[in-house]
Amino acid sequence: MILASFFAALAQLGDVRFRSVLLKGLALTVGVFVAIYVAFVWLVGWLVGDSVTLPWIGQITWVDTAISWGAVPLMLLLSVVLMVPVASAITSFFLDEVAQAVEDRHYPALGPGRNVPWTEELRDSAAFLGVLILANLVALVLYLMFAPFAPFIFWGLNGFLLGREYFTLAAIRRVGRAEATRLRRRHLGTIWIAGVLMALPLTIPLVNLLIPILGAATFTHLFHRLQGQRPAG
C-alpha cells in the first residue's frame with residue numbers, strides 16, 4: 001500500500017500543477033532567507049554601528065563590512081540545516097493544489113475537496129515550520145551524542161513529522177480535522193513508515209526539495225487507500 005502510493009505519486013511528478021507549487025515554494029523560501037540575511041545585517045549594523053573604539057587599539061571602521069561578509073557563511077550554514085524544513089513548511093501552504101491534482105487524475109468521482117480557509121492553512125504552516133525547525137535543531141545535539149545512530153534519528157524524527165503533516169493535509173480536505181486526527185492515530189504505524197520513506201531522500205541535495213510535493217501526493221493516495229478506495233488509473 002505504501003509503495004503503491006509512493007510510485008503513483010512519483011509517476012505524476014511531471015504534472016504542471018506540481019511544478020507550479022514547487023516553483024512558488026522555492027521562490028518564497030529563497031525570499032525568506034534573503035529577508036533574514038538583510039534583517040540580520042541591518043540589526044547588527046544598527047546595534048554596533050559603522051565603527052567601534054577598542055582600548056589600546058583605537059577606532060575600527062571596517063566592522064560593518066566585516067559583519068556583512070561574516071553573515072554570508074553563517075547563512076549558508078543555516079540554509080544547509082534549515083532549507084528543507086523551511087521549504088517544506090512554506091510549500092505546505094500550497095499543497096492542497098497537489099492533493100487536488102492527484103484526486104482529479106486518480107479519483108475523479110470524488111469531486112473537489114473541502115476548501116480549507118487560508119487563515120487555517122497559514123496557522124498550520126506556521127506551526128509546522130516551528131516544530132520542524134525546533135525539532136531539527138534539538139536533534140543536532142542528539143546527532144553529536146549518538147553519532148553512529150544519527151541517520152536513524154534523522155529519518156525517524158522527520159519521518160514522524162512529515163507523515164503527521166502530510167496525512168493530516170490529505171485527510172482534512174475530505175473528513176475534517178477531528179476525523180483526520182482520529183484516522184492518523186489509528187494508522188500511526190503505517191503513516192510513520194510512509195513518512196520515513198519521505199525522509200530518506202532529505203539528505204540528497206535538490207532531490208530533497210521535491211519531498212513536500214511528493215509527500216503530499218503520496219499521502220493523498222495513502223489516505224484514499226486506507227479508506228478502501230482504489231485509483232481509477
# chains A, B, ... in the order shown; residues from 1 in each chain; ligands from 1
>>> residues_around(residues="region 176-192 of chain A", least_positions_apart="5", cutoff="8 Å", atoms="only C-alpha atoms", output="ChimeraX atom specification")
/A:2,159-160,163-164,167-168,171
>>> write_last_selection(atoms="N, CA, C and O atoms", output="tab-separated table (two decimals), in the first residue's frame")
chain	number	residue	atom	x	y	z
A	2	ILE	N	1.88	1.29	0.86
A	2	ILE	CA	2.75	2.46	0.94
A	2	ILE	C	3.54	2.63	-0.35
A	2	ILE	O	3.59	3.73	-0.92
A	159	GLY	N	10.57	11.54	9.61
A	159	GLY	CA	9.52	10.67	9.09
A	159	GLY	C	8.23	10.83	9.87
A	159	GLY	O	7.14	10.89	9.30
A	160	PHE	N	8.36	10.91	11.18
A	160	PHE	CA	7.17	11.10	12.02
A	160	PHE	C	6.51	12.44	11.73
A	160	PHE	O	5.28	12.53	11.55
A	163	GLY	N	5.08	12.56	8.04
A	163	GLY	CA	3.90	11.71	7.93
A	163	GLY	C	2.70	12.35	8.60
A	163	GLY	O	1.59	12.35	8.04
A	164	ARG	N	2.91	12.88	9.77
A	164	ARG	CA	1.83	13.54	10.51
A	164	ARG	C	1.25	14.70	9.71
A	164	ARG	O	0.03	14.86	9.59
A	167	PHE	N	-0.33	13.46	6.03
A	167	PHE	CA	-1.57	12.70	6.16
A	167	PHE	C	-2.71	13.61	6.61
A	167	PHE	O	-3.83	13.51	6.09
A	168	THR	N	-2.42	14.48	7.56
A	168	THR	CA	-3.46	15.42	8.02
A	168	THR	C	-3.93	16.30	6.88
A	168	THR	O	-5.14	16.52	6.72
A	171	ALA	N	-6.18	14.19	4.62
A	171	ALA	CA	-7.43	13.75	5.24
A	171	ALA	C	-8.37	14.90	5.55
A	171	ALA	O	-9.60	14.77	5.40
>>> closest_residue(among="A:Ala101, A:Ala8, A:Leu23, A:Val16", to="Ala170 (chain A)", atoms="only C-alpha atoms")
A:Ala101
>>> residues_around(residues="Arg105 (chain A)", least_positions_apart="3", cutoff="10 Å", atoms="only C-alpha atoms", output="list of chain:residue names")
A:Gln12, A:Gln100, A:Ala101, A:Val102, A:Pro108, A:Ala109, A:Pro231, A:Ala232, A:Gly233
>>> closest_residue(among="A:Ile133, A:Phe93, A:Leu210, A:Leu161", to="Thr119 (chain A)", atoms="only C-alpha atoms")
A:Phe93
>>> atom_distance(atom1="CA of Gly111 (chain A)", atom2="CA of Leu26 (chain A)")
29.0 Å
>>> select_by_dssp(residues="region 171-227 of chain A", states="alpha helix (DSSP H)", output="JSON, numbers by chain")
{"A": [171, 172, 173, 174, 175, 176, 177, 178, 179, 180, 181, 182, 183, 184, 185, 186, 188, 189, 190, 191, 192, 193, 194, 195, 196, 197, 198, 199, 211, 212, 213, 214, 215, 216, 217, 218, 219, 220, 221, 222, 223, 224, 225, 226]}
>>> write_last_selection(atoms="C-alpha atoms", output="mmCIF file, in the first residue's frame")
data_model
loop_
_atom_site.group_PDB
_atom_site.id
_atom_site.type_symbol
_atom_site.label_atom_id
_atom_site.label_comp_id
_atom_site.auth_asym_id
_atom_site.auth_seq_id
_atom_site.Cartn_x
_atom_site.Cartn_y
_atom_site.Cartn_z
ATOM 1 C CA ALA A 171 -7.431 13.745 5.235
ATOM 2 C CA ILE A 172 -8.668 17.132 6.418
ATOM 3 C CA ARG A 173 -9.832 18.015 2.917
ATOM 4 C CA ARG A 174 -12.259 15.089 2.949
ATOM 5 C CA VAL A 175 -13.221 14.278 6.522
ATOM 6 C CA GLY A 176 -12.412 17.360 8.605
ATOM 7 C CA ARG A 177 -9.809 17.929 11.308
ATOM 8 C CA ALA A 178 -11.306 15.794 14.093
ATOM 9 C CA GLU A 179 -11.714 12.698 11.912
ATOM 10 C CA ALA A 180 -8.296 13.272 10.304
ATOM 11 C CA THR A 181 -6.750 13.205 13.788
ATOM 12 C CA ARG A 182 -8.609 10.004 14.675
ATOM 13 C CA LEU A 183 -7.514 8.292 11.460
ATOM 14 C CA ARG A 184 -3.923 9.416 11.952
ATOM 15 C CA ARG A 185 -3.820 7.848 15.397
ATOM 16 C CA ARG A 186 -5.472 4.673 14.138
ATOM 17 C CA LEU A 188 0.063 5.690 13.135
ATOM 18 C CA GLY A 189 2.455 2.867 12.224
ATOM 19 C CA THR A 190 1.640 2.939 8.512
ATOM 20 C CA ILE A 191 1.817 6.733 8.410
ATOM 21 C CA TRP A 192 5.159 6.783 10.231
ATOM 22 C CA ILE A 193 6.691 4.219 7.872
ATOM 23 C CA ALA A 194 5.458 6.202 4.872
ATOM 24 C CA GLY A 195 6.894 9.343 6.461
ATOM 25 C CA VAL A 196 10.276 7.661 6.852
ATOM 26 C CA LEU A 197 10.126 6.831 3.138
ATOM 27 C CA MET A 198 9.740 10.566 2.538
ATOM 28 C CA ALA A 199 12.564 11.378 4.960
ATOM 29 C CA ILE A 211 9.784 15.959 -0.886
ATOM 30 C CA PRO A 212 6.899 18.288 0.095
ATOM 31 C CA ILE A 213 5.197 17.711 -3.264
ATOM 32 C CA LEU A 214 5.990 14.015 -3.412
ATOM 33 C CA GLY A 215 4.856 13.641 0.192
ATOM 34 C CA ALA A 216 1.540 15.393 -0.352
ATOM 35 C CA ALA A 217 0.829 13.252 -3.417
ATOM 36 C CA THR A 218 1.876 10.011 -1.708
ATOM 37 C CA PHE A 219 -0.234 10.641 1.362
ATOM 38 C CA THR A 220 -3.243 11.633 -0.724
ATOM 39 C CA HIS A 221 -3.062 8.184 -2.308
ATOM 40 C CA LEU A 222 -2.401 6.569 1.061
ATOM 41 C CA PHE A 223 -5.387 8.269 2.685
ATOM 42 C CA HIS A 224 -7.767 7.071 -0.017
ATOM 43 C CA ARG A 225 -6.323 3.550 0.032
ATOM 44 C CA LEU A 226 -6.769 3.361 3.804
#
